[in-house]
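Q: Hey, dropping query17.tsv in here, TSV, C-alpha atoms:
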chain	number	residue	atom	x	y	z
A	1029	MET	CA	-122.35	-11.55	-120.60
A	1030	ILE	CA	-121.28	-15.10	-119.74
A	1031	GLN	CA	-123.18	-16.43	-116.73
A	1032	GLY	CA	-123.43	-19.63	-114.70
A	1033	SER	CA	-121.00	-22.46	-114.05
A	1034	MET	CA	-117.72	-21.97	-115.90
A	1035	VAL	CA	-115.45	-24.95	-115.40
A	1036	ALA	CA	-111.77	-24.27	-114.70
A	1037	LEU	CA	-110.84	-27.18	-116.93
A	1038	VAL	CA	-107.95	-29.51	-116.08
A	1039	THR	CA	-105.44	-30.31	-118.80
A	1040	PRO	CA	-105.37	-34.12	-119.20
A	1041	MET	CA	-101.90	-35.62	-119.34
A	1042	ALA	CA	-100.43	-39.07	-119.84
A	1043	ALA	CA	-98.34	-40.59	-117.08
A	1044	ASP	CA	-95.20	-39.10	-118.65
A	1045	GLY	CA	-96.70	-35.58	-118.58
A	1046	ALA	CA	-97.55	-35.31	-122.27
A	1047	VAL	CA	-100.80	-33.48	-122.96
A	1048	ASP	CA	-103.55	-35.96	-123.91
A	1049	TYR	CA	-105.53	-34.09	-126.54
A	1050	GLN	CA	-108.01	-36.90	-127.13
A	1051	ALA	CA	-108.89	-36.94	-123.43
A	1052	LEU	CA	-109.22	-33.15	-123.63
A	1053	ARG	CA	-111.75	-33.48	-126.44
A	1054	ARG	CA	-113.69	-36.05	-124.40
A	1055	LEU	CA	-113.77	-33.68	-121.43
A	1056	VAL	CA	-115.28	-30.96	-123.59
A	1057	GLU	CA	-118.09	-33.32	-124.60
A	1058	PHE	CA	-118.55	-34.43	-120.97
A	1059	HIS	CA	-119.09	-30.83	-119.91
A	1060	ILE	CA	-121.38	-29.84	-122.74
A	1061	ALA	CA	-123.56	-32.90	-122.08
A	1062	ALA	CA	-123.69	-32.01	-118.37
A	1063	GLY	CA	-124.82	-28.43	-118.91
A	1064	THR	CA	-121.59	-26.56	-118.10
A	1065	ASP	CA	-122.18	-22.96	-119.17
A	1066	ALA	CA	-118.63	-22.10	-120.32
A	1067	ILE	CA	-115.16	-23.63	-120.38
A	1068	VAL	CA	-112.07	-21.87	-119.04
A	1069	ALA	CA	-109.02	-23.45	-120.65
A	1070	VAL	CA	-105.45	-23.23	-119.34
A	1071	GLY	CA	-106.08	-21.39	-116.11
A	1072	THR	CA	-104.47	-22.35	-112.81
A	1073	THR	CA	-106.37	-25.65	-112.78
A	1074	GLY	CA	-105.20	-26.29	-116.34
A	1075	GLU	CA	-101.55	-26.15	-115.20
A	1076	SER	CA	-100.77	-23.04	-117.21
A	1077	ALA	CA	-97.61	-22.54	-115.15
A	1078	THR	CA	-95.95	-25.68	-116.56
A	1079	LEU	CA	-97.20	-25.71	-120.16
A	1080	ASP	CA	-94.88	-24.13	-122.70
A	1081	GLU	CA	-96.30	-21.45	-125.01
A	1082	GLU	CA	-97.04	-23.80	-127.90
A	1083	GLU	CA	-98.81	-26.32	-125.65
A	1084	HIS	CA	-100.72	-23.50	-123.98
A	1085	CYS	CA	-102.03	-22.21	-127.29
A	1086	GLU	CA	-102.70	-25.69	-128.67
A	1087	VAL	CA	-104.87	-26.60	-125.69
A	1088	ILE	CA	-106.92	-23.45	-126.29
A	1089	ARG	CA	-107.18	-24.22	-130.02
A	1090	VAL	CA	-108.31	-27.80	-129.44
A	1091	VAL	CA	-110.93	-26.74	-126.88
A	1092	VAL	CA	-112.28	-24.06	-129.24
A	1093	GLU	CA	-112.37	-26.52	-132.12
A	1094	GLN	CA	-114.15	-29.22	-130.10
A	1095	VAL	CA	-116.67	-26.82	-128.57
A	1096	ALA	CA	-117.52	-25.58	-132.06
A	1097	GLY	CA	-119.47	-22.59	-130.82
A	1098	ARG	CA	-121.82	-24.50	-128.54
A	1099	ILE	CA	-120.74	-22.70	-125.34
A	1100	PRO	CA	-118.24	-19.88	-124.71
A	1101	VAL	CA	-114.54	-20.67	-124.34
A	1102	VAL	CA	-112.46	-18.43	-122.09
A	1103	ALA	CA	-108.69	-18.73	-122.46
A	1104	GLY	CA	-106.29	-18.18	-119.60
A	1105	THR	CA	-103.69	-15.76	-120.93
A	1106	GLY	CA	-102.34	-13.98	-117.87
A	1107	ALA	CA	-98.65	-13.55	-117.09
A	1108	ASN	CA	-96.44	-11.52	-114.79
A	1109	SER	CA	-94.85	-9.97	-117.87
A	1110	THR	CA	-97.17	-7.52	-119.60
A	1111	ARG	CA	-95.58	-8.27	-122.97
A	1112	GLU	CA	-96.13	-12.00	-122.49
A	1113	ALA	CA	-99.75	-11.44	-121.47
A	1114	VAL	CA	-100.31	-9.40	-124.62
A	1115	ALA	CA	-98.72	-12.12	-126.76
A	1116	LEU	CA	-100.76	-14.95	-125.21
A	1117	THR	CA	-103.97	-12.97	-125.42
A	1118	ARG	CA	-103.31	-12.22	-129.08
A	1119	ARG	CA	-102.72	-15.93	-129.79
A	1120	ALA	CA	-105.95	-16.87	-127.99
A	1121	ARG	CA	-107.88	-14.41	-130.13
A	1122	GLN	CA	-106.31	-15.84	-133.27
A	1123	VAL	CA	-107.44	-19.40	-132.46
A	1124	GLY	CA	-111.00	-18.30	-131.74
A	1125	ALA	CA	-111.42	-17.94	-127.99
A	1126	ASP	CA	-114.52	-15.98	-126.99
A	1127	ALA	CA	-112.80	-14.18	-124.10
A	1128	CYS	CA	-109.60	-14.25	-122.07
A	1129	LEU	CA	-108.93	-14.58	-118.34
A	1130	LEU	CA	-105.92	-12.63	-117.08
A	1131	VAL	CA	-104.50	-13.23	-113.62
A	1132	THR	CA	-102.89	-10.43	-111.65
A	1133	PRO	CA	-99.12	-10.48	-112.21
A	1134	TYR	CA	-97.55	-12.87	-109.72
A	1135	TYR	CA	-94.23	-12.72	-107.86
A	1136	ASN	CA	-93.25	-9.18	-108.88
A	1137	LYS	CA	-95.97	-7.64	-106.64
A	1138	PRO	CA	-97.05	-4.54	-108.61
A	1139	THR	CA	-98.76	-1.54	-107.06
A	1140	GLN	CA	-102.43	-0.80	-107.71
A	1141	GLU	CA	-101.35	1.67	-110.38
A	1142	GLY	CA	-99.11	-0.99	-111.90
A	1143	LEU	CA	-102.07	-3.37	-112.04
A	1144	PHE	CA	-104.20	-0.75	-113.73
A	1145	GLN	CA	-101.54	-0.02	-116.33
A	1146	HIS	CA	-100.87	-3.73	-116.92
A	1147	PHE	CA	-104.47	-4.68	-117.64
A	1148	ARG	CA	-105.21	-1.52	-119.60
A	1149	THR	CA	-102.19	-2.19	-121.81
A	1150	VAL	CA	-103.35	-5.74	-122.62
A	1151	ALA	CA	-106.88	-4.53	-123.32
A	1152	GLU	CA	-105.72	-1.75	-125.59
A	1153	ASN	CA	-103.47	-4.08	-127.57
A	1154	VAL	CA	-105.84	-7.02	-128.14
A	1155	GLU	CA	-109.47	-6.63	-129.18
A	1156	ILE	CA	-111.14	-9.46	-127.27
A	1157	PRO	CA	-113.34	-9.45	-124.14
A	1158	GLN	CA	-111.11	-9.77	-121.08
A	1159	ILE	CA	-111.89	-10.98	-117.57
A	1160	LEU	CA	-109.63	-9.95	-114.71
A	1161	TYR	CA	-108.55	-12.61	-112.20
A	1162	ASN	CA	-107.76	-11.70	-108.61
A	1163	VAL	CA	-106.29	-14.56	-106.55
A	1164	PRO	CA	-103.91	-13.16	-103.91
A	1165	GLY	CA	-103.47	-16.58	-102.31
A	1166	ARG	CA	-101.56	-17.58	-105.44
A	1167	THR	CA	-100.01	-14.30	-106.55
A	1168	ALA	CA	-99.17	-12.31	-103.38
A	1169	CYS	CA	-101.02	-9.43	-105.05
A	1170	ASP	CA	-104.56	-8.26	-104.21
A	1171	MET	CA	-106.33	-6.07	-106.76
A	1172	LEU	CA	-108.60	-3.81	-104.75
A	1173	PRO	CA	-112.20	-2.97	-105.75
A	1174	ALA	CA	-111.26	0.65	-106.50
A	1175	THR	CA	-108.75	-0.54	-109.11
A	1176	VAL	CA	-111.31	-2.93	-110.59
A	1177	ALA	CA	-113.78	-0.05	-110.87
A	1178	ARG	CA	-111.20	1.95	-112.85
A	1179	LEU	CA	-110.55	-1.00	-115.16
A	1180	ALA	CA	-114.29	-1.61	-115.68
A	1181	LYS	CA	-114.33	1.63	-117.70
A	1182	VAL	CA	-111.92	0.12	-120.26
A	1183	PRO	CA	-114.23	-1.02	-123.10
A	1184	ASN	CA	-113.14	-4.65	-123.55
A	1185	ILE	CA	-112.54	-5.44	-119.86
A	1186	VAL	CA	-115.84	-7.15	-119.15
A	1187	GLY	CA	-115.60	-8.84	-115.75
A	1188	ILE	CA	-113.56	-10.21	-112.87
A	1189	LYS	CA	-112.96	-13.59	-111.30
A	1190	GLU	CA	-112.76	-12.65	-107.62
A	1191	ALA	CA	-111.11	-15.49	-105.72
A	1192	THR	CA	-110.53	-13.91	-102.32
A	1193	GLY	CA	-113.67	-15.39	-100.76
A	1194	LYS	CA	-114.45	-11.91	-99.39
A	1195	LEU	CA	-118.18	-11.69	-99.97
A	1196	GLU	CA	-118.32	-8.08	-98.84
A	1197	ARG	CA	-116.67	-7.18	-102.13
A	1198	VAL	CA	-119.67	-8.34	-104.18
A	1199	PRO	CA	-122.04	-5.42	-103.42
A	1200	GLU	CA	-119.14	-2.95	-103.67
A	1201	LEU	CA	-118.15	-4.25	-107.11
A	1202	LEU	CA	-121.77	-4.33	-108.25
A	1203	SER	CA	-122.25	-0.71	-107.29
A	1204	THR	CA	-118.97	0.63	-108.69
A	1205	CYS	CA	-118.50	-1.42	-111.86
A	1206	GLY	CA	-121.96	-1.16	-113.37
A	1207	PRO	CA	-124.60	-3.68	-114.45
A	1208	GLY	CA	-122.79	-4.86	-117.58
A	1209	PHE	CA	-119.65	-5.96	-115.73
A	1210	GLY	CA	-119.48	-9.69	-114.96
A	1211	LEU	CA	-118.70	-10.81	-111.42
A	1212	TYR	CA	-117.51	-14.41	-111.11
A	1213	SER	CA	-116.55	-16.21	-107.94
A	1214	GLY	CA	-113.22	-17.98	-107.98
A	1215	ASP	CA	-113.86	-19.66	-104.62
A	1216	ASP	CA	-116.14	-22.70	-104.77
A	1217	ALA	CA	-116.80	-22.68	-101.01
A	1218	THR	CA	-118.45	-19.23	-101.16
A	1219	ALA	CA	-119.72	-19.29	-104.74
A	1220	CYS	CA	-123.33	-20.04	-103.80
A	1221	GLU	CA	-123.60	-16.99	-101.56
A	1222	PHE	CA	-121.60	-14.94	-104.09
A	1223	CYS	CA	-124.28	-15.63	-106.72
A	1224	LEU	CA	-127.14	-15.09	-104.28
A	1225	LEU	CA	-125.66	-11.64	-103.59
A	1226	GLY	CA	-125.85	-10.79	-107.28
A	1227	GLY	CA	-122.75	-12.38	-108.80
A	1228	HIS	CA	-123.10	-13.79	-112.27
A	1229	GLY	CA	-121.45	-17.18	-111.85
A	1230	VAL	CA	-118.40	-19.13	-110.77
A	1231	ILE	CA	-115.18	-20.27	-112.41
A	1232	SER	CA	-115.15	-23.60	-110.66
A	1233	VAL	CA	-112.76	-26.41	-109.79
A	1234	THR	CA	-115.62	-28.46	-108.32
A	1235	ALA	CA	-117.38	-28.37	-111.72
A	1236	ASN	CA	-114.71	-30.70	-113.11
A	1237	VAL	CA	-116.17	-33.48	-110.93
A	1238	VAL	CA	-119.87	-32.53	-110.70
A	1239	PRO	CA	-120.65	-30.29	-113.68
A	1240	ARG	CA	-124.41	-30.83	-113.66
A	1241	ALA	CA	-124.71	-30.01	-109.97
A	1242	MET	CA	-122.66	-26.83	-110.31
A	1243	HIS	CA	-124.76	-25.73	-113.28
A	1244	GLU	CA	-127.93	-26.31	-111.25
A	1245	LEU	CA	-126.50	-24.54	-108.19
A	1246	CYS	CA	-125.66	-21.44	-110.25
A	1247	ALA	CA	-129.01	-21.44	-112.01
A	1248	ALA	CA	-130.88	-21.63	-108.70
A	1249	ALA	CA	-128.77	-18.96	-107.03
A	1250	ARG	CA	-128.94	-16.59	-110.00
A	1251	ALA	CA	-132.74	-16.97	-109.99
A	1252	GLY	CA	-132.90	-16.22	-106.26
A	1253	ARG	CA	-134.03	-19.72	-105.30
A	1254	ARG	CA	-132.01	-19.69	-102.08
A	1255	GLU	CA	-133.32	-22.89	-100.49
A	1256	GLU	CA	-132.62	-24.95	-103.61
A	1257	ALA	CA	-129.18	-23.44	-104.14
A	1258	VAL	CA	-128.13	-23.91	-100.52
A	1259	ALA	CA	-129.29	-27.55	-100.54
A	1260	ILE	CA	-127.16	-28.33	-103.60
A	1261	ASP	CA	-124.22	-26.43	-102.12
A	1262	ALA	CA	-124.42	-28.42	-98.87
A	1263	ARG	CA	-124.11	-31.68	-100.81
A	1264	LEU	CA	-121.00	-30.35	-102.55
A	1265	ALA	CA	-119.37	-28.77	-99.49
A	1266	GLY	CA	-116.92	-31.64	-99.05
A	1267	LEU	CA	-115.68	-31.26	-102.62
A	1268	HIS	CA	-115.37	-27.48	-102.27
A	1269	ARG	CA	-113.11	-28.11	-99.26
A	1270	ASP	CA	-111.22	-31.29	-100.09
A	1271	LEU	CA	-110.38	-30.53	-103.71
A	1272	PHE	CA	-107.93	-28.11	-102.10
A	1273	ILE	CA	-106.54	-30.49	-99.48
A	1274	GLU	CA	-103.32	-30.32	-101.49
A	1275	SER	CA	-102.48	-27.69	-104.08
A	1276	ASN	CA	-104.97	-27.42	-106.94
A	1277	PRO	CA	-105.14	-29.27	-109.35
A	1278	ILE	CA	-103.61	-32.23	-107.47
A	1279	PRO	CA	-106.84	-33.46	-105.79
A	1280	VAL	CA	-109.16	-32.76	-108.73
A	1281	LYS	CA	-106.92	-34.64	-111.16
A	1282	TRP	CA	-106.87	-37.61	-108.80
A	1283	ALA	CA	-110.68	-37.53	-108.53
A	1284	MET	CA	-111.14	-37.34	-112.29
A	1285	ASN	CA	-108.74	-40.22	-112.78
A	1286	VAL	CA	-110.80	-42.29	-110.34
A	1287	MET	CA	-113.89	-41.38	-112.40
A	1288	GLY	CA	-112.15	-42.65	-115.55
A	1289	LEU	CA	-112.17	-39.22	-117.21
A	1290	ILE	CA	-108.43	-38.59	-117.51
A	1291	PRO	CA	-105.15	-40.51	-117.28
A	1292	SER	CA	-102.80	-40.15	-114.31
A	1293	GLY	CA	-100.49	-37.39	-115.55
A	1294	ILE	CA	-99.49	-34.24	-113.70
A	1295	ARG	CA	-96.39	-32.10	-114.13
A	1296	LEU	CA	-93.65	-31.39	-111.65
A	1297	PRO	CA	-93.34	-29.60	-109.34
A	1298	LEU	CA	-96.87	-30.89	-108.68
A	1299	THR	CA	-97.17	-34.55	-107.69
A	1300	TRP	CA	-99.96	-37.13	-107.51
A	1301	LEU	CA	-102.32	-36.88	-104.52
A	1302	SER	CA	-100.73	-38.25	-101.35
A	1303	SER	CA	-102.18	-41.60	-100.29
A	1304	GLU	CA	-103.11	-40.20	-96.87
A	1305	TYR	CA	-105.64	-37.84	-98.50
A	1306	GLN	CA	-107.17	-40.15	-101.08
A	1307	GLY	CA	-109.81	-41.50	-98.71
A	1308	THR	CA	-110.80	-37.96	-97.76
A	1309	VAL	CA	-111.37	-36.94	-101.36
A	1310	ARG	CA	-113.18	-40.20	-102.07
A	1311	ARG	CA	-115.59	-39.52	-99.17
A	1312	ALA	CA	-116.28	-36.02	-100.50
A	1313	MET	CA	-117.02	-37.50	-103.89
A	1314	SER	CA	-119.45	-40.00	-102.38
A	1315	GLN	CA	-121.20	-37.24	-100.40
A	1316	ALA	CA	-121.69	-35.38	-103.68
A	1317	GLY	CA	-123.16	-38.47	-105.34
A	1318	VAL	CA	-120.04	-39.45	-107.34
A	1319	GLU	CA	-119.00	-43.08	-107.12
Reformat the file's structure so that it appears as structure tokens.

A:
Amino acid sequence: MIQGSMVALVTPMAADGAVDYQALRRLVEFHIAAGTDAIVAVGTTGESATLDEEEHCEVIRVVVEQVAGRIPVVAGTGANSTREAVALTRRARQVGADACLLVTPYYNKPTQEGLFQHFRTVAENVEIPQILYNVPGRTACDMLPATVARLAKVPNIVGIKEATGKLERVPELLSTCGPGFGLYSGDDATACEFCLLGGHGVISVTANVVPRAMHELCAAARAGRREEAVAIDARLAGLHRDLFIESNPIPVKWAMNVMGLIPSGIRLPLTWLSSEYQGTVRRAMSQAGVE
């Protein structure tokens, strides 16, 4: 089971929106050096919605190649078309991803039975570990714990990224899904408590900016060292909040550009961080020890 701080990696882009693969390779090395426990490529933060299929798969391939087996690579392969999700998941397996992350289908608003059938179909068609991703704030679709418990019985469905921020779901999922099923927070602001309650880690936006701190936070929380974990979390609270002051990944890309990690590219319909919020994000960075 993958555990700890799993960065929801941004996709670096030049000012004209072209993917910067050299910057992507540098980011991989930045995270490995900082102790990041796993990399999630081409999720929401990686702008999966605006990459075409070839770019999507090439980003995964480059990340896998650069990581070279040192830490796990999880590929975002979800779609609101079951056939497309199967195709993307198959491609990710072919290029060597260790696991896939599949978001609940967005826009078409399936029923709980539709969600079950969707994820079971992908799992039965592609032999790779698969992590469910529940983020109703993005998808207008909430996968309920009872549905997750049904899916946990499918052999290669191995975990869930639960991004509702509803901490009461943690003990319910732990009790119904079994000890071998990974529970990952998708909400940085509540990730510390999520892990203290028994969750196995976080798929984190904040980790793009402070990877070492997020690794240490997860390690402390997973070991039950509450005081240490809470102290780290308090220092990062501004980032947890302000990296969402505009739609993700707008603020985190701005912050990483300020840090000199990536160029200034982002794809429409997303735009560069509004000037009125730049000071706010800068203050959160300073509070977290990033200058």

Q: Using all atoms listed in the file, determine which residues lie at most 9 Å from region 1241-1251 of chain A, disregarding the query and same-chain residues fewer than 5 positions distant; provide the list as an MDAnalysis selection string.

A: chainID A and resid 1031:1034 1062:1065 1219:1230 1232 1234:1235 1256:1261 1264 1316

Q: Using all atoms listed in the file, I'd like a table of the residues in region 1266-1288 of chain A that come within 12 Å of region 1038-1048 of chain A; for each, show the closest atom pair and its distance in Å rounded to one decimal, ordered by chain and ascending number, as a tab-separated table.

A:
residue	atom	partner	partner_atom	distance
A:Asn1276	CA	A:Val1038	CA	9.8
A:Pro1277	CA	A:Val1038	CA	7.3
A:Ile1278	CA	A:Val1038	CA	10.0
A:Pro1279	CA	A:Val1038	CA	11.1
A:Val1280	CA	A:Val1038	CA	8.1
A:Lys1281	CA	A:Val1038	CA	7.2
A:Trp1282	CA	A:Val1038	CA	10.9
A:Ala1283	CA	A:Val1038	CA	11.3
A:Met1284	CA	A:Val1038	CA	9.3
A:Asn1285	CA	A:Pro1040	CA	9.5
A:Gly1288	CA	A:Pro1040	CA	11.5

Q: Just to confirm, what's the straight-line distance from CA of Asp1215 (chain A) to CA of Val1154 (chain A) in Å (one decimal)?

A: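 Separating CA of Asp1215 (chain A) from CA of Val1154 (chain A) is a distance of 27.9 Å.
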
Q: Go ahead and compute the interatomic distance for CA of Arg1197 (chain A) and CA of Ala1066 (chain A), in Å to one decimal.

A: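 Value for the CA of Arg1197 (chain A)-CA of Ala1066 (chain A) distance: 23.6 Å.
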
Q: For each of A:Gln1094, A:Gln1158, A:Thr1078, A:Thr1139, take the minimum atom-to-atom distance to Gly1106 (chain A), counting all atoms listed in the file, then give the residue where this is smallest.

A: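 Going through A:Gln1094, A:Gln1158, A:Thr1078, A:Thr1139 one by one, the smallest distance to Gly1106 (chain A) is for A:Gln1158.
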
Q: Quick one: residues within 8 Å of Lys1137 (chain A), all atoms listed in the file counted, chain neighbours fewer than 2 positions away excluded, as a list in words?

A: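 In the requested form, the answer reads Pro1133, Tyr1134, Tyr1135, Thr1139, Thr1167, Ala1168 and Cys1169 of chain A.
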
Q: With distances taken over only C-alpha atoms, which residue among A:Ala1191, A:Leu1301, A:Met1029, A:Cys1205 lies nearest Met1171 (chain A)?

A: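 Nearest to Met1171 (chain A): A:Ala1191.
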
Q: One number please: CA of Thr1308 (chain A) to CA of Arg1254 (chain A), in Å, one decimal.

A: 28.3 Å

Q: List the neighbours of Glu1155 (chain A) out to 10 Å using only C-alpha atoms; skip same-chain residues closer than 3 positions along the sequence, and give me the result as a PyMOL selection string.

A: chain A and resi 1117-1118+1121+1127+1150-1152+1158+1183-1185

Q: Which residues are near region 1172-1178 of chain A? Cut-off 10 Å, all atoms listed in the file, ignore same chain within fewer than 6 positions. Put them as a list in words.

A: Gln1140, Glu1141, Leu1143, Phe1144, Phe1147, Arg1148, Leu1160, Asn1162, Ile1185, Gly1187, Ile1188, Glu1190, Arg1197, Val1198, Glu1200, Leu1201, Leu1202, Ser1203, Thr1204, Cys1205, Gly1206 and Phe1209 of chain A

Q: What would the list of residues within 12 Å of (-97.4, -14.6, -128.7) (file frame) look like as a list in words, if only C-alpha atoms are what count?

A: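 The residues that fall inside the cut-off are Asp1080, Glu1081, Glu1082, His1084, Cys1085, Thr1105, Gly1106, Ala1107, Thr1110, Arg1111, Glu1112, Ala1113, Val1114, Ala1115, Leu1116, Thr1117, Arg1118, Arg1119, Ala1120, Arg1121, Gln1122, Val1123 and Val1154 of chain A.
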
Q: Using all atoms listed in the file, can you tell me which of A:Phe1058, A:Gly1193, A:Ile1088, A:Tyr1305 comes closest to Val1102 (chain A)?

A: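 That would be A:Ile1088, the residue with the smallest distance to Val1102 (chain A).
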
Q: Taking only C-alpha atoms into account, which of A:Ala1217, A:Val1237, A:Leu1037, A:Ala1069 comes nearest Leu1130 (chain A)?

A: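 Among the listed residues, A:Ala1069 lies closest to Leu1130 (chain A).
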